[in-house]
Protein chains: 2
Amino acid sequence: MPLPSSRRRGMLMGMAKRGELALMSFLSILLGRPLASSEQPERKIGVFAGVPALGLDGLSSSAYGPEAALTILLPLGMSGVWYIGPITVFILLLLALLYLSYRQTIGAYPVNGGSYTVAKENLGISASLLAAAALMIDYVLTVAVGISAGVAALVSAVPSLHKYTLPMCMVILLLITLANLRGTKEAGWVFAAPTYLFIGTLGCVLITGILKAIASGGQPQPLVAPPPVSEATETVGLWLLLRSFASGCTAMTGVEAVSNGVSAFKDPTVRFARRTLTVIVVILAMLLGGISYLAQSYHVGAMDQNQPGYQSVLSQLTAAVVGRGWLYYVTIGSVLTVLCLSANTSFVDFPRLCRLVAGDDFMPRSFAVFGRRLVYSVGILFLAASAGVLLFAFDGITDRLIPLFAVGAFTAFTLSQAGMVVHWRKVLRDPRHRTSQNKASNVEQAGVNQPEEAGSRGHVLVRMVVNAVGGTATGMALAIILAAKFLEGAWITIVAVPVMLTFFNLIQRHYRQEQVQTGAPGPLRLSHNEPPVVVMPIRAWDRVAGKSLRFAMRLSPDVIALHLSHLSGDADDDARDTIQQQWSRDVAEPARQAGLPAPRLEVVNSPYRTLVEPLLAEIGRIETEFPHRIIAVIVPMLIQKHWWQWILHTRRAIKLRAALMQKEDSRVVVISVPWYLHD
Amino acid sequence: MPLPSSRRRGMLMGMAKRGELALMSFLSILLGRPLASSEQPERKIGVFAGVPALGLDGLSSSAYGPEAALTILLPLGMSGVWYIGPITVFILLLLALLYLSYRQTIGAYPVNGGSYTVAKENLGISASLLAAAALMIDYVLTVAVGISAGVAALVSAVPSLHKYTLPMCMVILLLITLANLRGTKEAGWVFAAPTYLFIGTLGCVLITGILKAIASGGQPQPLVAPPPVSEATETVGLWLLLRSFASGCTAMTGVEAVSNGVSAFKDPTVRFARRTLTVIVVILAMLLGGISYLAQSYHVGAMDQNQPGYQSVLSQLTAAVVGRGWLYYVTIGSVLTVLCLSANTSFVDFPRLCRLVAGDDFMPRSFAVFGRRLVYSVGILFLAASAGVLLFAFDGITDRLIPLFAVGAFTAFTLSQAGMVVHWRKVLRDPRHRTSQNKASNVEQAGVNQPEEAGSRGHVLVRMVVNAVGGTATGMALAIILAAKFLEGAWITIVAVPVMLTFFNLIQRHYRQEQVQTGAPGPLRLSHNEPPVVVMPIRAWDRVAGKSLRFAMRLSPDVIALHLSHLSGDADDDARDTIQQQWSRDVAEPARQAGLPAPRLEVVNSPYRTLVEPLLAEIGRIETEFPHRIIAVIVPMLIQKHWWQWILHTRRAIKLRAALMQKEDSRVVVISVPWYLHD
């Protein structure tokens, strides 16, 4: 009997009925239609989409990195502005080391070469979890800092918006979250325009400024003179320069994004990922170099952000080079936008990192589930919630969040490069060893991308040295950052990391326990498989009970119906007598005639008018009567069609089922027999 | 194999584990231990506890009834104060009629003689539902008005508390709710002291005043002179006197409480109920008479509550008779307390009325369920919530609530007495007719209390006349109240009543549908009872699957395991091959050796990474393959022991079970097989 097609369609729809249908179509408008697993390759990105998607964070760092370094140099007065030159050279050197290191990482770990993977395969699981925790904290902070810095700049420009700081932060967070829930590709396009506008306008300003500086023999005349740099109050010292360098290193945060997000690229992923990394790092280096050169040429120093009349270094520079015309406003506008949107990098990488960690059972499995749009929705939502809590807790004020920042990034840098050193040592010892352990990260393209050839022994040695030098440098930078920022907020990271590590380990212990207890059952045992004893609570002899009983008698010769008397507190002896008479007439007699064992009816008193407790006690008694047998409890359920019917019934059947499942008694099985009312 | 006793106790406790245990002991502290049904008679009340429990509302009405009448008489000046005398005489006459009527009702309907029951048995179900709706509205208003009036008076005395008006209302509401959830008897005791203090002090003041007035020949000298009565601005007219009478009738609200609450009394209930009613009405009549006599003697008029320096009539009177000493403050204090606590009458009666209506299937059944303390907890909570919403919506301000008040009470009075007239007419026509239809209200003492003898034909005629006169009078009062207060708020009741009636009828229709569709199954049919087709979703071949499969194969020879591939979006062809190999080796082979039909394994692709939809589609296909057979879906469930484990698992099993139950397919049955992890 084939079902009518409308019925069939109804089945395919499954839960998608009424309320859920409305919810689903709402989600479809908000997030787009569900994507099938087979549609996955479409969603991959190339270089043009990759630069905004994975580089926004790194590039926007140029807006605050040089300024942070100049701020530390403030006490040196005009000579401090000169020192930004050599410090930037060191920062660019470190950036170059990081670039080479991550290029190598992308080649060696084409599936996902984030710090977590590299550290796991070379330094062990503890180091990798440390890297993961550090990165996660950094991602959350990137979101919170990016959004709050953007909103704070906007608020400085339009002071009347000041009282809406926190709501504006939350709205921006919501919009970014939605864009990312729709999927990486859309997110890339949404963010491409401001990113390229930022690169274009700031590039224009810098090139114009440099040409003017060269033309004037290094002494250009500013169109709008920057405020004079304050007098020197200290003389130069190594510790001050080191602190300035450490602060300037915040300009590098976000560079690791590409290596974590390799799997977001289309084939050939390694080539696209490397090109994207190159583009990002080159642009970043040019921006940093240009800014520090012009700061020297135009005598632009940092200003105290707490004083009225504060202007950022970029604002002073742009005004000096092109004046306060339309280009100034477009440039500053794009800086603001990019700061706000830099959060997006975290939204691309954080869920992928969580998926890797969850794949190793250190995080809840829901982080590894692909959502309707082929993104890890749980990770995106978790990141949004964490950043929202941070923004709420710190009232959306950037200054308080900044000191927590960069600790995580440099921890991950250092661990990643230490891991790469170990990796190359392994390759040196055994040339066939080419990251063949890279199987734990069984992401979609496993097997498609092969790690590139390691090359000759000399090549490998050079690579090892590159990583060793880079790791030492970032490690030193990390030590300086921790020392300089400990009391200002770095301690929060120091506290948070062990807490996260503890959770990771507890979660893995739980999953391992589960696996040990449920795994490897061996061949099916079919001996001693006696029929279950079927127990059925019965309120009255009605059709619901009839359907359940018919089913029960097919399952087992031992059927026991339990009737609770005095359930409503009344003296309902009549009801008890009625059901006993009906039972012998309508159940026991037909069973006897059919030659089947008659089901038993037991009447149980409920002194406290409760359903669950007396039934559980009686089922316990039946368990002692039938040792070694499964007790199958049939719970007849009247299924409500409309939400309002929910309030018309006492949900005793559902309570009973929940209590039976929570009984921690593996001999009890619950059979829900539904009964549907027609309208 | 008997179970160890500790295990047994665990079973008896049922769901009472961990969190729920903590919740239960918290409830025990808050509400007292659960009471067994057999403990019920203990909780019955006598006259001493009955007067506060059921009379507080009626008695406290004397604090605002005379004042409401005097307020209408304000335009008449000094002569208005004189008219309070004749108006009070009419009010007392009406009160006497009501008293006689309700005495007769208690005798004729000893189980529960509220307006609902009387109207139902004599005027039909529509009239009774109208009475029920009117009464329910009145009960909710009594709570809101009582609490807000008490708090408003307290705030007038201590102006610094003014800003806490709404929170204080809510706290008082909460305390009254808790007291009532503990049970009627405790509630009676909690409220007895203030009630008797109110009666005692106000009685003292009135008697002292009357003695002084008589001693001085009707012209007593006030100790504190009341403010002079304002000049007359109108001359007397019938409409003004009628409106004054209608407003004064608010003094009678709450008199019906005893007849609604007869079942709260101990045996013999009729005698205790009548005595309580007599005590309440006599005291109320004396208070009303005393107040109006003294108002005349001491020339006390109403004052405008909106003007500064306002004093209530009771405050003026008390100060005039006994001065502003300690007795004044104790008297006014007890008035305030009693106003606040008058809400308690509704808490006793509202749940009982709901229980009666729910017993006739016009309200959700949960209203008819006895809670842990043998009170109808759902009704108590519903009343508290409704009153809370009203207080919140009207900011706890009495003046806006008062006009809604009394409409409900007089509707119920009128319907009740009309019903009694019809009742006596039935008795006249058929003397054997003695409310024998009183079987719908199958409350606990049904059969214990017999309605009293109707007496001779003359007696019955007199009773009929009493009810007819009373009904006509309350009907006229109702018409006047509606006309005078329509725009001020009475319209809200006019709107609310039909809405409630609609809900009553929709609810009853649902229950009737359910009864028709589930009732009367007749003898059990055992023909064509084929074994079910057992369908089992399987994630991997583990012990959970092994346990479920063992059980499945005992239930039926037709077992189909469904494995969803590509569930995580990855290309998990390996996983599919693995399970297929394990199946043929560990399942099919042992089954063949045991001579049993081998269970089938079907692999289903899930293109959208969803569990529910492909499984439902496949189950639909299986239904067409096996027409007329029950499809039993086994859902293996990993049961979480700790709340935090909840976040570690995707709740797919629970979602699947819910979807299957909502499938509206009566051929599908769900078997939940639990699996418990040890620590």
# chains A, B, ... in the order shown; residues from 1 in each chain; ligands from 1
>>> select_by_dssp(residues="segment 295-442 of chain B", states="alpha helix (DSSP H)", output="VMD selection string")
chain B and resid 295 to 298 313 to 322 326 to 341 343 to 359 377 to 393 398 to 401 407 to 429
>>> closest_residue(among="A:Phe245, A:Trp424, A:Phe503, A:Tyr99", to="Leu70 of chain A", atoms="only C-alpha atoms")
A:Phe245
>>> residues_around(residues="segment 581-592 of chain A", least_positions_apart="2", cutoff="12 Å", atoms="only C-alpha atoms", output="ChimeraX atom specification")
/A:538,540-543,545-546,549-550,553-554,557,559-563,574-579,594-603 /B:520-527
>>> atom_distance(atom1="atom CA of Ser60 of chain B", atom2="atom CA of Val255 of chain B")
10.8 Å
>>> closest_residue(among="A:Arg463, A:Arg103, A:Arg182, A:Arg355", to="chain B", atoms="only C-alpha atoms")
A:Arg355
>>> residues_around(residues="Ser416 of chain B", least_positions_apart="5", cutoff="6 Å", atoms="only C-alpha atoms", output="PyMOL selection string")
chain B and resi 115+118-119
>>> residues_around(residues="Leu202 of chain B", least_positions_apart="6", cutoff="12 Å", atoms="only C-alpha atoms", output="VMD selection string")
chain B and resid 59 to 60 62 to 63 194 to 196 208 to 209 283 to 284 286 to 288 290 to 291 314 to 315 317 to 319 321 to 322 327 to 335 338
>>> select_by_dssp(residues="segment 416-578 of chain A", states="strand (DSSP E or B)", output="ChimeraX atom specification")
/A:533-537,559-565
>>> write_last_selection(atoms="N, CA and C atoms", output="short mmCIF file (atom, residue, chain, number, x, y, z; two decimals), in the first residue's frame")
data_model
loop_
_atom_site.label_atom_id
_atom_site.label_comp_id
_atom_site.auth_asym_id
_atom_site.auth_seq_id
_atom_site.Cartn_x
_atom_site.Cartn_y
_atom_site.Cartn_z
N VAL A 533 9.89 -8.73 30.80
CA VAL A 533 8.64 -8.62 31.56
C VAL A 533 8.07 -7.24 31.22
N VAL A 534 6.84 -7.21 30.72
CA VAL A 534 6.27 -5.94 30.29
C VAL A 534 5.39 -5.39 31.41
N VAL A 535 5.70 -4.17 31.85
CA VAL A 535 4.93 -3.50 32.91
C VAL A 535 4.24 -2.30 32.28
N MET A 536 2.95 -2.11 32.60
CA MET A 536 2.19 -1.05 31.94
C MET A 536 1.33 -0.31 32.95
N PRO A 537 1.64 0.94 33.25
CA PRO A 537 0.74 1.71 34.12
C PRO A 537 -0.57 1.96 33.38
N VAL A 559 2.89 -10.02 31.22
CA VAL A 559 2.46 -8.63 31.17
C VAL A 559 1.79 -8.29 32.49
N ILE A 560 2.24 -7.21 33.11
CA ILE A 560 1.66 -6.77 34.38
C ILE A 560 1.18 -5.33 34.22
N ALA A 561 -0.13 -5.12 34.43
CA ALA A 561 -0.67 -3.75 34.38
C ALA A 561 -0.74 -3.22 35.81
N LEU A 562 -0.31 -1.98 35.98
CA LEU A 562 -0.33 -1.38 37.32
C LEU A 562 -1.34 -0.23 37.34
N HIS A 563 -2.31 -0.32 38.24
CA HIS A 563 -3.28 0.76 38.38
C HIS A 563 -3.07 1.43 39.73
N LEU A 564 -2.89 2.75 39.70
CA LEU A 564 -2.70 3.49 40.94
C LEU A 564 -4.04 3.97 41.45
N SER A 565 -4.38 3.58 42.66
CA SER A 565 -5.64 4.07 43.22
C SER A 565 -5.37 5.25 44.14
#
>>> closest_residue(among="B:Phe265, B:Tyr102, B:Tyr676, B:Tyr376", to="chain A", atoms="only C-alpha atoms")
B:Tyr676
>>> atom_distance(atom1="atom CA of Ala225 of chain A", atom2="atom CA of Ala320 of chain A")
5.8 Å
>>> closest_residue(among="A:Val47, A:Met168, A:Ala246, A:Ala134", to="Val262 of chain A", atoms="only C-alpha atoms")
A:Val47
>>> residues_around(residues="Gln513 of chain B", least_positions_apart="4", cutoff="8 Å", atoms="only C-alpha atoms", output="number ranges by chain")
A: 677, 679; B: 509, 517
>>> closest_residue(among="A:Ile137, A:Ala659, A:Leu173, A:Val51", to="chain B", atoms="only C-alpha atoms")
A:Ala659
>>> residues_around(residues="Ile631 of chain A", least_positions_apart="6", cutoff="9 Å", atoms="only C-alpha atoms", output="PyMOL selection string")
chain A and resi 532-535+619+622-623+667-670
>>> write_last_selection(atoms="N, CA, C and O atoms", output="compact mmCIF listing (two decimals), in the first residue's frame")
# COMPACT_ATOMS: atom_id res chain seq x y z
N PRO A 532 11.24 -9.96 27.66
CA PRO A 532 11.17 -9.02 28.77
C PRO A 532 9.89 -9.23 29.58
O PRO A 532 8.93 -9.84 29.10
N VAL A 533 9.89 -8.73 30.80
CA VAL A 533 8.64 -8.62 31.56
C VAL A 533 8.07 -7.24 31.22
O VAL A 533 8.77 -6.23 31.35
N VAL A 534 6.84 -7.21 30.72
CA VAL A 534 6.27 -5.94 30.29
C VAL A 534 5.39 -5.39 31.41
O VAL A 534 4.48 -6.07 31.89
N VAL A 535 5.70 -4.17 31.85
CA VAL A 535 4.93 -3.50 32.91
C VAL A 535 4.24 -2.30 32.28
O VAL A 535 4.85 -1.57 31.48
N ILE A 619 7.84 -1.41 40.49
CA ILE A 619 8.73 -1.97 39.46
C ILE A 619 9.95 -2.60 40.11
O ILE A 619 10.43 -3.67 39.69
N ILE A 622 8.87 -5.96 41.16
CA ILE A 622 8.77 -6.87 40.03
C ILE A 622 10.17 -7.33 39.60
O ILE A 622 10.36 -8.49 39.22
N GLU A 623 11.16 -6.45 39.73
CA GLU A 623 12.53 -6.84 39.37
C GLU A 623 13.02 -7.98 40.26
O GLU A 623 13.74 -8.87 39.79
N ARG A 667 18.39 -2.61 33.66
CA ARG A 667 17.44 -3.65 33.28
C ARG A 667 16.11 -3.05 32.84
O ARG A 667 15.23 -3.77 32.41
N VAL A 668 15.95 -1.74 33.01
CA VAL A 668 14.67 -1.12 32.67
C VAL A 668 14.75 -0.43 31.32
O VAL A 668 15.70 0.30 31.02
N VAL A 669 13.76 -0.69 30.49
CA VAL A 669 13.66 -0.12 29.15
C VAL A 669 12.28 0.53 29.06
O VAL A 669 11.33 0.03 29.66
N VAL A 670 12.18 1.69 28.41
CA VAL A 670 10.91 2.40 28.38
C VAL A 670 10.34 2.40 26.96
O VAL A 670 11.04 2.77 26.02
>>> closest_residue(among="A:Leu656, A:Val465, A:Leu611, A:Ile87", to="Leu238 of chain A", atoms="only C-alpha atoms")
A:Ile87
